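Enquirer: Got a file for you: query03.cif, mmCIF, C-alpha atoms, pLDDT in the B column; chains and numbers go by the auth columns.
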data_work
loop_
_atom_site.group_PDB
_atom_site.id
_atom_site.type_symbol
_atom_site.label_atom_id
_atom_site.label_comp_id
_atom_site.label_asym_id
_atom_site.label_seq_id
_atom_site.Cartn_x
_atom_site.Cartn_y
_atom_site.Cartn_z
_atom_site.B_iso_or_equiv
_atom_site.auth_seq_id
_atom_site.auth_asym_id
ATOM 1 C CA MET A 1 0.000 0.000 0.000 93.00 1 A
ATOM 2 C CA GLY A 2 2.996 2.240 0.556 96.00 2 A
ATOM 3 C CA VAL A 3 6.727 1.986 0.024 97.00 3 A
ATOM 4 C CA CYS A 4 9.545 3.937 1.643 96.00 4 A
ATOM 5 C CA GLY A 5 13.062 4.525 0.382 96.00 5 A
ATOM 6 C CA ARG A 6 16.301 5.088 2.242 95.00 6 A
ATOM 7 C CA VAL A 7 16.646 8.562 3.792 96.00 7 A
ATOM 8 C CA LEU A 8 19.970 10.418 3.755 95.00 8 A
ATOM 9 C CA PRO A 9 20.916 14.000 4.670 93.00 9 A
ATOM 10 C CA SER A 10 21.314 16.291 1.670 91.00 10 A
ATOM 11 C CA ARG A 11 24.155 18.131 3.414 86.00 11 A
ATOM 12 C CA THR A 12 26.722 17.166 6.038 84.00 12 A
ATOM 13 C CA PHE A 13 28.293 20.545 6.816 83.00 13 A
ATOM 14 C CA HIS A 14 27.193 20.776 10.457 86.00 14 A
ATOM 15 C CA SER A 15 27.872 18.458 13.395 88.00 15 A
ATOM 16 C CA LEU A 16 24.202 17.587 13.772 91.00 16 A
ATOM 17 C CA GLN A 17 23.948 16.657 10.099 92.00 17 A
ATOM 18 C CA LYS A 18 27.023 14.429 10.319 92.00 18 A
ATOM 19 C CA SER A 19 25.572 12.738 13.386 94.00 19 A
ATOM 20 C CA ARG A 20 22.219 12.301 11.646 95.00 20 A
ATOM 21 C CA LEU A 21 23.980 10.566 8.746 96.00 21 A
ATOM 22 C CA VAL A 22 25.230 7.880 11.147 96.00 22 A
ATOM 23 C CA GLU A 23 21.780 7.570 12.674 96.00 23 A
ATOM 24 C CA TYR A 24 20.208 7.069 9.257 96.00 24 A
ATOM 25 C CA LEU A 25 22.809 4.545 8.125 95.00 25 A
ATOM 26 C CA CYS A 26 22.692 2.403 11.269 95.00 26 A
ATOM 27 C CA GLY A 27 18.977 2.687 11.955 93.00 27 A
ATOM 28 C CA GLN A 28 17.877 1.838 8.446 94.00 28 A
ATOM 29 C CA ARG A 29 20.352 -1.030 8.178 92.00 29 A
ATOM 30 C CA MET A 30 19.718 -2.676 11.537 91.00 30 A
ATOM 31 C CA TYR A 31 15.978 -2.114 11.975 94.00 31 A
ATOM 32 C CA LYS A 32 14.000 -1.704 8.773 95.00 32 A
ATOM 33 C CA PRO A 33 15.000 -4.984 7.044 94.00 33 A
ATOM 34 C CA LEU A 34 13.958 -7.011 10.096 94.00 34 A
ATOM 35 C CA GLN A 35 10.757 -5.013 10.531 96.00 35 A
ATOM 36 C CA THR A 36 9.934 -5.595 6.869 95.00 36 A
ATOM 37 C CA ARG A 37 10.516 -9.331 7.263 94.00 37 A
ATOM 38 C CA CYS A 38 8.254 -9.371 10.335 94.00 38 A
ATOM 39 C CA LYS A 39 5.593 -7.372 8.433 95.00 39 A
ATOM 40 C CA GLY A 40 5.630 -4.671 11.067 97.00 40 A
ATOM 41 C CA LEU A 41 7.363 -1.521 9.838 97.00 41 A
ATOM 42 C CA TRP A 42 7.582 1.160 12.504 98.00 42 A
ATOM 43 C CA VAL A 43 7.253 4.080 10.110 97.00 43 A
ATOM 44 C CA LEU A 44 7.464 4.941 6.435 97.00 44 A
ATOM 45 C CA ALA A 45 9.359 8.238 6.503 95.00 45 A
ATOM 46 C CA GLY A 46 7.075 10.950 5.165 92.00 46 A
ATOM 47 C CA CYS A 47 9.767 12.543 3.005 92.00 47 A
ATOM 48 C CA ALA A 48 10.602 9.284 1.206 94.00 48 A
ATOM 49 C CA THR A 49 7.290 7.451 0.854 96.00 49 A
ATOM 50 C CA ILE A 50 4.874 6.818 -2.003 96.00 50 A
ATOM 51 C CA TRP A 51 1.293 5.851 -1.131 96.00 51 A
ATOM 52 C CA ARG A 52 -1.502 4.495 -3.292 96.00 52 A
ATOM 53 C CA THR A 53 -3.696 7.532 -3.905 95.00 53 A
ATOM 54 C CA TRP A 54 -7.002 5.687 -3.745 96.00 54 A
ATOM 55 C CA TRP A 55 -6.202 4.355 -0.279 96.00 55 A
ATOM 56 C CA LEU A 56 -5.241 7.794 1.007 94.00 56 A
ATOM 57 C CA LEU A 57 -8.480 9.278 -0.337 94.00 57 A
ATOM 58 C CA GLU A 58 -10.583 6.484 1.141 94.00 58 A
ATOM 59 C CA ASN A 59 -8.953 6.965 4.546 92.00 59 A
ATOM 60 C CA GLY A 60 -9.160 10.739 4.779 90.00 60 A
ATOM 61 C CA GLY A 61 -5.656 11.607 3.623 90.00 61 A
ATOM 62 C CA PHE A 62 -3.002 12.662 6.097 91.00 62 A
ATOM 63 C CA PRO A 63 -4.327 12.842 9.681 90.00 63 A
ATOM 64 C CA SER A 64 -4.631 16.320 11.154 87.00 64 A
ATOM 65 C CA ASP A 65 -4.925 15.204 14.788 88.00 65 A
ATOM 66 C CA SER A 66 -1.358 13.919 15.101 92.00 66 A
ATOM 67 C CA VAL A 67 2.187 15.304 14.891 95.00 67 A
ATOM 68 C CA VAL A 68 3.456 11.900 13.703 96.00 68 A
ATOM 69 C CA GLU A 69 1.211 11.624 10.666 95.00 69 A
ATOM 70 C CA ASP A 70 3.593 9.386 8.714 96.00 70 A
ATOM 71 C CA LEU A 71 3.663 6.893 11.599 97.00 71 A
ATOM 72 C CA GLU A 72 -0.127 7.049 11.921 96.00 72 A
ATOM 73 C CA LEU A 73 -0.563 6.236 8.226 97.00 73 A
ATOM 74 C CA THR A 74 1.995 3.425 8.395 98.00 74 A
ATOM 75 C CA TRP A 75 0.249 1.747 11.298 97.00 75 A
ATOM 76 C CA LYS A 76 -3.207 2.291 9.825 96.00 76 A
ATOM 77 C CA ALA A 77 -2.209 0.803 6.454 97.00 77 A
ATOM 78 C CA GLN A 78 -0.771 -2.315 8.089 97.00 78 A
ATOM 79 C CA LYS A 79 -4.105 -3.253 9.633 94.00 79 A
ATOM 80 C CA ASP A 80 -5.321 -4.602 6.280 94.00 80 A
ATOM 81 C CA TYR A 81 -2.425 -4.278 3.828 96.00 81 A
ATOM 82 C CA LEU A 82 1.338 -4.594 3.514 95.00 82 A
ATOM 83 C CA VAL A 83 3.882 -1.788 3.300 97.00 83 A
ATOM 84 C CA ASN A 84 7.501 -2.095 2.258 96.00 84 A
ATOM 85 C CA TYR A 85 10.978 -0.588 2.538 96.00 85 A
ATOM 86 C CA ASN A 86 13.266 -0.349 -0.506 95.00 86 A
ATOM 87 C CA PRO A 87 16.860 0.701 0.346 93.00 87 A
ATOM 88 C CA ASP A 88 17.694 1.150 -3.341 93.00 88 A
ATOM 89 C CA ALA A 89 15.352 4.142 -3.567 94.00 89 A
ATOM 90 C CA ILE A 90 17.277 7.014 -1.973 94.00 90 A
ATOM 91 C CA CYS A 91 15.764 10.277 -0.759 95.00 91 A
ATOM 92 C CA PHE A 92 17.838 13.252 0.412 95.00 92 A
ATOM 93 C CA THR A 93 16.262 15.395 3.108 94.00 93 A
ATOM 94 C CA GLU A 94 17.048 18.663 4.871 92.00 94 A
ATOM 95 C CA ASP A 95 18.128 18.146 8.474 93.00 95 A
ATOM 96 C CA PRO A 96 18.270 20.719 11.306 93.00 96 A
ATOM 97 C CA GLU A 97 21.347 22.904 11.603 89.00 97 A
ATOM 98 C CA THR A 98 20.775 24.189 15.144 92.00 98 A
ATOM 99 C CA LEU A 99 20.294 22.311 18.399 92.00 99 A
ATOM 100 C CA LYS A 100 16.996 24.127 19.008 94.00 100 A
ATOM 101 C CA SER A 101 15.440 23.027 15.716 95.00 101 A
ATOM 102 C CA TYR A 102 16.945 19.555 16.156 95.00 102 A
ATOM 103 C CA ALA A 103 15.348 19.171 19.599 95.00 103 A
ATOM 104 C CA LYS A 104 11.996 20.420 18.309 95.00 104 A
ATOM 105 C CA GLN A 105 12.050 17.923 15.442 95.00 105 A
ATOM 106 C CA LEU A 106 12.979 14.992 17.668 96.00 106 A
ATOM 107 C CA LYS A 107 10.347 15.804 20.255 95.00 107 A
ATOM 108 C CA ARG A 108 7.738 15.671 17.490 96.00 108 A
ATOM 109 C CA TRP A 109 9.125 12.415 16.076 96.00 109 A
ATOM 110 C CA PHE A 110 9.119 10.836 19.527 97.00 110 A
ATOM 111 C CA SER A 111 5.533 11.850 20.335 97.00 111 A
ATOM 112 C CA TRP A 112 4.077 8.487 19.298 96.00 112 A
ATOM 113 C CA ARG A 113 2.648 7.333 22.649 95.00 113 A
ATOM 114 C CA PRO A 114 -0.931 8.453 21.797 95.00 114 A
ATOM 115 C CA SER A 115 -0.683 6.404 18.590 96.00 115 A
ATOM 116 C CA VAL A 116 0.039 3.240 20.584 96.00 116 A
ATOM 117 C CA ARG A 117 -3.116 3.734 22.606 94.00 117 A
ATOM 118 C CA LYS A 118 -5.087 4.316 19.399 93.00 118 A
ATOM 119 C CA HIS A 119 -3.784 1.473 17.203 95.00 119 A
ATOM 120 C CA PHE A 120 -2.157 -1.248 19.310 96.00 120 A
ATOM 121 C CA ARG A 121 -5.237 -3.361 19.987 94.00 121 A
ATOM 122 C CA GLU A 122 -6.132 -3.677 16.280 94.00 122 A
ATOM 123 C CA ALA A 123 -2.539 -4.012 15.046 96.00 123 A
ATOM 124 C CA ARG A 124 -1.289 -7.232 13.475 96.00 124 A
ATOM 125 C CA LYS A 125 1.233 -9.433 15.270 96.00 125 A
ATOM 126 C CA GLY A 126 4.171 -8.064 13.269 97.00 126 A
ATOM 127 C CA LEU A 127 3.473 -4.458 14.197 97.00 127 A
ATOM 128 C CA LYS A 128 2.745 -5.371 17.810 97.00 128 A
ATOM 129 C CA PHE A 129 6.136 -7.068 17.912 97.00 129 A
ATOM 130 C CA THR A 130 7.817 -3.922 16.567 98.00 130 A
ATOM 131 C CA ILE A 131 6.042 -1.642 19.040 97.00 131 A
ATOM 132 C CA LEU A 132 6.991 -3.862 21.976 97.00 132 A
ATOM 133 C CA TRP A 133 10.521 -4.091 20.591 97.00 133 A
ATOM 134 C CA VAL A 134 10.891 -0.291 20.522 96.00 134 A
ATOM 135 C CA ILE A 135 9.532 0.021 24.055 95.00 135 A
ATOM 136 C CA GLY A 136 11.772 -2.810 25.264 96.00 136 A
ATOM 137 C CA GLU A 137 14.840 -1.313 23.613 94.00 137 A
ATOM 138 C CA SER A 138 14.085 2.010 25.304 93.00 138 A
ATOM 139 C CA LEU A 139 13.929 0.348 28.706 93.00 139 A
ATOM 140 C CA GLY A 140 17.098 -1.554 27.844 95.00 140 A
ATOM 141 C CA PHE A 141 18.898 1.723 27.213 93.00 141 A
ATOM 142 C CA LEU A 142 17.942 2.862 30.722 94.00 142 A
ATOM 143 C CA VAL A 143 19.403 -0.359 32.107 95.00 143 A
ATOM 144 C CA TYR A 144 22.571 0.252 30.066 94.00 144 A
ATOM 145 C CA LEU A 145 22.871 3.766 31.487 93.00 145 A
ATOM 146 C CA GLY A 146 22.283 2.481 35.000 95.00 146 A
ATOM 147 C CA ILE A 147 25.037 -0.112 34.636 96.00 147 A
ATOM 148 C CA MET A 148 27.425 2.466 33.185 94.00 148 A
ATOM 149 C CA ILE A 149 26.766 4.900 36.032 95.00 149 A
ATOM 150 C CA TYR A 150 27.285 2.131 38.595 97.00 150 A
ATOM 151 C CA LEU A 151 30.572 1.074 36.986 96.00 151 A
ATOM 152 C CA LEU A 152 31.774 4.677 36.855 96.00 152 A
ATOM 153 C CA VAL A 153 30.859 5.343 40.489 96.00 153 A
ATOM 154 C CA THR A 154 32.578 2.147 41.632 95.00 154 A
ATOM 155 C CA LEU A 155 35.610 2.917 39.427 94.00 155 A
ATOM 156 C CA GLN A 156 35.453 -0.335 37.485 96.00 156 A
ATOM 157 C CA TRP A 157 37.303 1.100 34.507 96.00 157 A
ATOM 158 C CA PRO A 158 38.069 -2.175 32.664 96.00 158 A
ATOM 159 C CA LEU A 159 34.351 -2.985 32.424 96.00 159 A
ATOM 160 C CA VAL A 160 33.539 0.594 31.402 96.00 160 A
ATOM 161 C CA CYS A 161 36.110 0.407 28.612 96.00 161 A
ATOM 162 C CA LEU A 162 34.811 -3.011 27.551 96.00 162 A
ATOM 163 C CA MET A 163 31.199 -1.827 27.264 94.00 163 A
ATOM 164 C CA LEU A 164 32.142 1.353 25.433 94.00 164 A
ATOM 165 C CA GLY A 165 34.530 -0.557 23.193 95.00 165 A
ATOM 166 C CA VAL A 166 31.967 -3.161 22.120 95.00 166 A
ATOM 167 C CA ASP A 167 29.410 -0.418 21.521 93.00 167 A
ATOM 168 C CA ALA A 168 31.866 1.615 19.448 94.00 168 A
ATOM 169 C CA LEU A 169 33.017 -1.413 17.461 96.00 169 A
ATOM 170 C CA ILE A 170 29.510 -2.447 16.411 95.00 170 A
ATOM 171 C CA LEU A 171 28.527 1.092 15.414 95.00 171 A
ATOM 172 C CA SER A 172 31.796 1.648 13.557 96.00 172 A
ATOM 173 C CA ILE A 173 31.503 -1.537 11.512 96.00 173 A
ATOM 174 C CA VAL A 174 27.881 -0.950 10.522 95.00 174 A
ATOM 175 C CA THR A 175 28.530 2.726 9.744 96.00 175 A
ATOM 176 C CA TYR A 176 31.571 1.994 7.600 97.00 176 A
ATOM 177 C CA LEU A 177 29.926 -0.802 5.619 96.00 177 A
ATOM 178 C CA GLU A 178 26.815 1.259 4.910 95.00 178 A
ATOM 179 C CA ALA A 179 28.700 4.495 4.174 95.00 179 A
ATOM 180 C CA ARG A 180 30.937 2.710 1.682 96.00 180 A
ATOM 181 C CA LYS A 181 27.880 1.824 -0.405 93.00 181 A
ATOM 182 C CA ILE A 182 27.014 5.495 -0.897 91.00 182 A
ATOM 183 C CA PHE A 183 30.592 6.842 -1.064 91.00 183 A
ATOM 184 C CA MET A 184 30.277 8.854 2.164 92.00 184 A
ATOM 185 C CA VAL A 185 32.812 7.081 4.385 94.00 185 A
ATOM 186 C CA LYS A 186 34.675 10.230 5.457 93.00 186 A
ATOM 187 C CA GLN A 187 31.523 12.133 6.408 93.00 187 A
ATOM 188 C CA ALA A 188 30.086 9.123 8.230 95.00 188 A
ATOM 189 C CA MET A 189 33.212 8.372 10.262 94.00 189 A
ATOM 190 C CA LEU A 190 33.434 12.028 11.307 93.00 190 A
ATOM 191 C CA GLY A 191 29.773 11.877 12.254 94.00 191 A
ATOM 192 C CA LEU A 192 30.362 8.726 14.286 94.00 192 A
ATOM 193 C CA ILE A 193 32.383 10.649 16.875 90.00 193 A
ATOM 194 C CA ARG A 194 29.594 13.188 17.244 92.00 194 A
ATOM 195 C CA TYR A 195 26.906 10.520 17.351 95.00 195 A
ATOM 196 C CA PHE A 196 28.406 8.938 20.478 90.00 196 A
ATOM 197 C CA PHE A 197 27.551 12.144 22.349 90.00 197 A
ATOM 198 C CA ILE A 198 24.393 13.371 20.606 94.00 198 A
ATOM 199 C CA ARG A 199 22.533 10.097 21.153 92.00 199 A
ATOM 200 C CA TYR A 200 22.362 10.876 24.880 92.00 200 A
ATOM 201 C CA VAL A 201 20.571 14.084 23.942 94.00 201 A
ATOM 202 C CA ASN A 202 18.317 11.932 21.760 95.00 202 A
ATOM 203 C CA ALA A 203 17.599 9.646 24.714 94.00 203 A
ATOM 204 C CA PHE A 204 16.689 12.574 26.964 95.00 204 A
ATOM 205 C CA LEU A 205 14.311 13.977 24.336 95.00 205 A
ATOM 206 C CA PHE A 206 12.843 10.519 23.766 95.00 206 A
ATOM 207 C CA PHE A 207 11.846 9.995 27.385 95.00 207 A
ATOM 208 C CA LYS A 208 10.697 13.594 27.703 95.00 208 A
ATOM 209 C CA ALA A 209 8.332 13.103 24.749 95.00 209 A
ATOM 210 C CA LEU A 210 7.247 9.733 26.123 93.00 210 A
ATOM 211 C CA VAL A 211 6.088 11.410 29.339 93.00 211 A
ATOM 212 C CA LYS A 212 4.664 14.519 27.666 94.00 212 A
ATOM 213 C CA PRO A 213 4.113 14.092 23.898 94.00 213 A
ATOM 214 C CA SER A 214 3.873 17.105 21.608 91.00 214 A
ATOM 215 C CA LYS A 215 0.366 17.974 20.461 84.00 215 A
ATOM 216 C CA LYS A 216 1.298 20.466 17.757 80.00 216 A
ATOM 217 C CA TRP A 217 4.099 21.160 15.310 74.00 217 A
#
Would you mind writing the structure in this file as structure tokens?
Expert:
Amino acid sequence: MGVCGRVLPSRTFHSLQKSRLVEYLCGQRMYKPLQTRCKGLWVLAGCATIWRTWWLLENGGFPSDSVVEDLELTWKAQKDYLVNYNPDAICFTEDPETLKSYAKQLKRWFSWRPSVRKHFREARKGLKFTILWVIGESLGFLVYLGIMIYLLVTLQWPLVCLMLGVDALILSIVTYLEARKIFMVKQAMLGLIRYFFIRYVNAFLFFKALVKPSKKW
């Protein structure tokens, strides 16, 4: 019913844009293929998606009561139909250049809790799995932070280095392999350094939006 391509930043001049490149490369490589296989895609990115017009018209077009309209449509479509992700179709998008606009965008993207209440009961097994996976991963990140804080407080530096090293190794390998396909290795590896720090900002904004979702753009 709808198909989404791979999203990439159109420019990588600023630190936030370099970090976003890593986020796109890793996220779309590690999550979307599995979600597609499970028939439970989390979201078809609005900037890179083609929908069947007749279905949009029959279902009232883009919802006006949500700030995550692309997610709403993705979940709604998967109640009766299939959607897909095609990494060979590439879309370049404009990403925020300032921390203020970046935070505003992320808070809107993360304001999906009302959508869970609205769609979860009628969702298919694949989408339910994805929703529970995202929630579980979020809780897992809190556990990871708790362990890291405990290890830092108790001065267990070898374990701290081990956890950070494994984390960095996995991200570096995935980022390099994906960046090589689009000839953006230099930009991606520079963004990787920034991403290690900015993702903690992402986590803060995620849980903030989870507690108090945005209701308007």
Enquirer: Exactly which residues make up the result of the PyMOL selection byres ((chain A and resi 89-99) around 10) on this file, given as a PyMOL selection string?
Expert: chain A and resi 3-18+20-21+45+47-49+85-88+100-105+182+201
Enquirer: List the neighbours of Met184 of chain A out to 10 Å using all atoms listed in the file; skip same-chain residues closer than 4 positions along the sequence, and give me the result as a PyMOL selection string.
Expert: chain A and resi 12+21+175-176+178-180+188-189
Enquirer: Select, from A:Phe183, A:Trp75, A:Trp133, A:Phe207, the residue with the minimum atom-to-atom distance to Ser115 of chain A, counting all atoms listed in the file.
Expert: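 Closest to Ser115 of chain A, using all atoms listed in the file: A:Trp75.
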Enquirer: Within 12 Å of Ser172 of chain A, counting all atoms listed in the file, which residues show up once you throw out same-chain ones fewer than 6 positions away? Write them as an mmCIF file with C-alpha atoms, in the frame of the given file, please.
Expert:
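See part16.cif below for the written result:
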data_model
loop_
_atom_site.group_PDB
_atom_site.id
_atom_site.type_symbol
_atom_site.label_atom_id
_atom_site.label_comp_id
_atom_site.auth_asym_id
_atom_site.auth_seq_id
_atom_site.Cartn_x
_atom_site.Cartn_y
_atom_site.Cartn_z
ATOM 1 C CA VAL A 22 25.230 7.880 11.147
ATOM 2 C CA GLU A 23 21.780 7.570 12.674
ATOM 3 C CA LEU A 25 22.809 4.545 8.125
ATOM 4 C CA CYS A 26 22.692 2.403 11.269
ATOM 5 C CA LEU A 164 32.142 1.353 25.433
ATOM 6 C CA GLY A 165 34.530 -0.557 23.193
ATOM 7 C CA VAL A 166 31.967 -3.161 22.120
ATOM 8 C CA GLU A 178 26.815 1.259 4.910
ATOM 9 C CA ALA A 179 28.700 4.495 4.174
ATOM 10 C CA ARG A 180 30.937 2.710 1.682
ATOM 11 C CA VAL A 185 32.812 7.081 4.385
ATOM 12 C CA ALA A 188 30.086 9.123 8.230
ATOM 13 C CA MET A 189 33.212 8.372 10.262
ATOM 14 C CA LEU A 190 33.434 12.028 11.307
ATOM 15 C CA GLY A 191 29.773 11.877 12.254
ATOM 16 C CA LEU A 192 30.362 8.726 14.286
ATOM 17 C CA ILE A 193 32.383 10.649 16.875
ATOM 18 C CA TYR A 195 26.906 10.520 17.351
ATOM 19 C CA PHE A 196 28.406 8.938 20.478
#
Enquirer: So that all listed atoms of segment 47-50 of chain A fit with 5 Å spare on each side, what axis-aligned box centre and edge lengths in Å, to one decimal, would you give as AutoDock Vina command-line options?
Expert:
--center_x 7.7 --center_y 9.7 --center_z 0.5 --size_x 15.7 --size_y 15.7 --size_z 15.0
Enquirer: Please indicate the distance in Å from atom CA of Leu210 of chain A to atom CA of Ser111 of chain A, rounded to one decimal place.
Expert: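 Those two atoms sit 6.4 Å apart.
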Enquirer: Name all residues at most 7 Å from segment 30-39 of chain A (count all atoms listed in the file; drop same-chain ones fewer than 5 positions away) and give them as a list in words.
Expert: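 Answer for this query is Asn84, Tyr85, Gly126, Leu127 and Thr130 of chain A.
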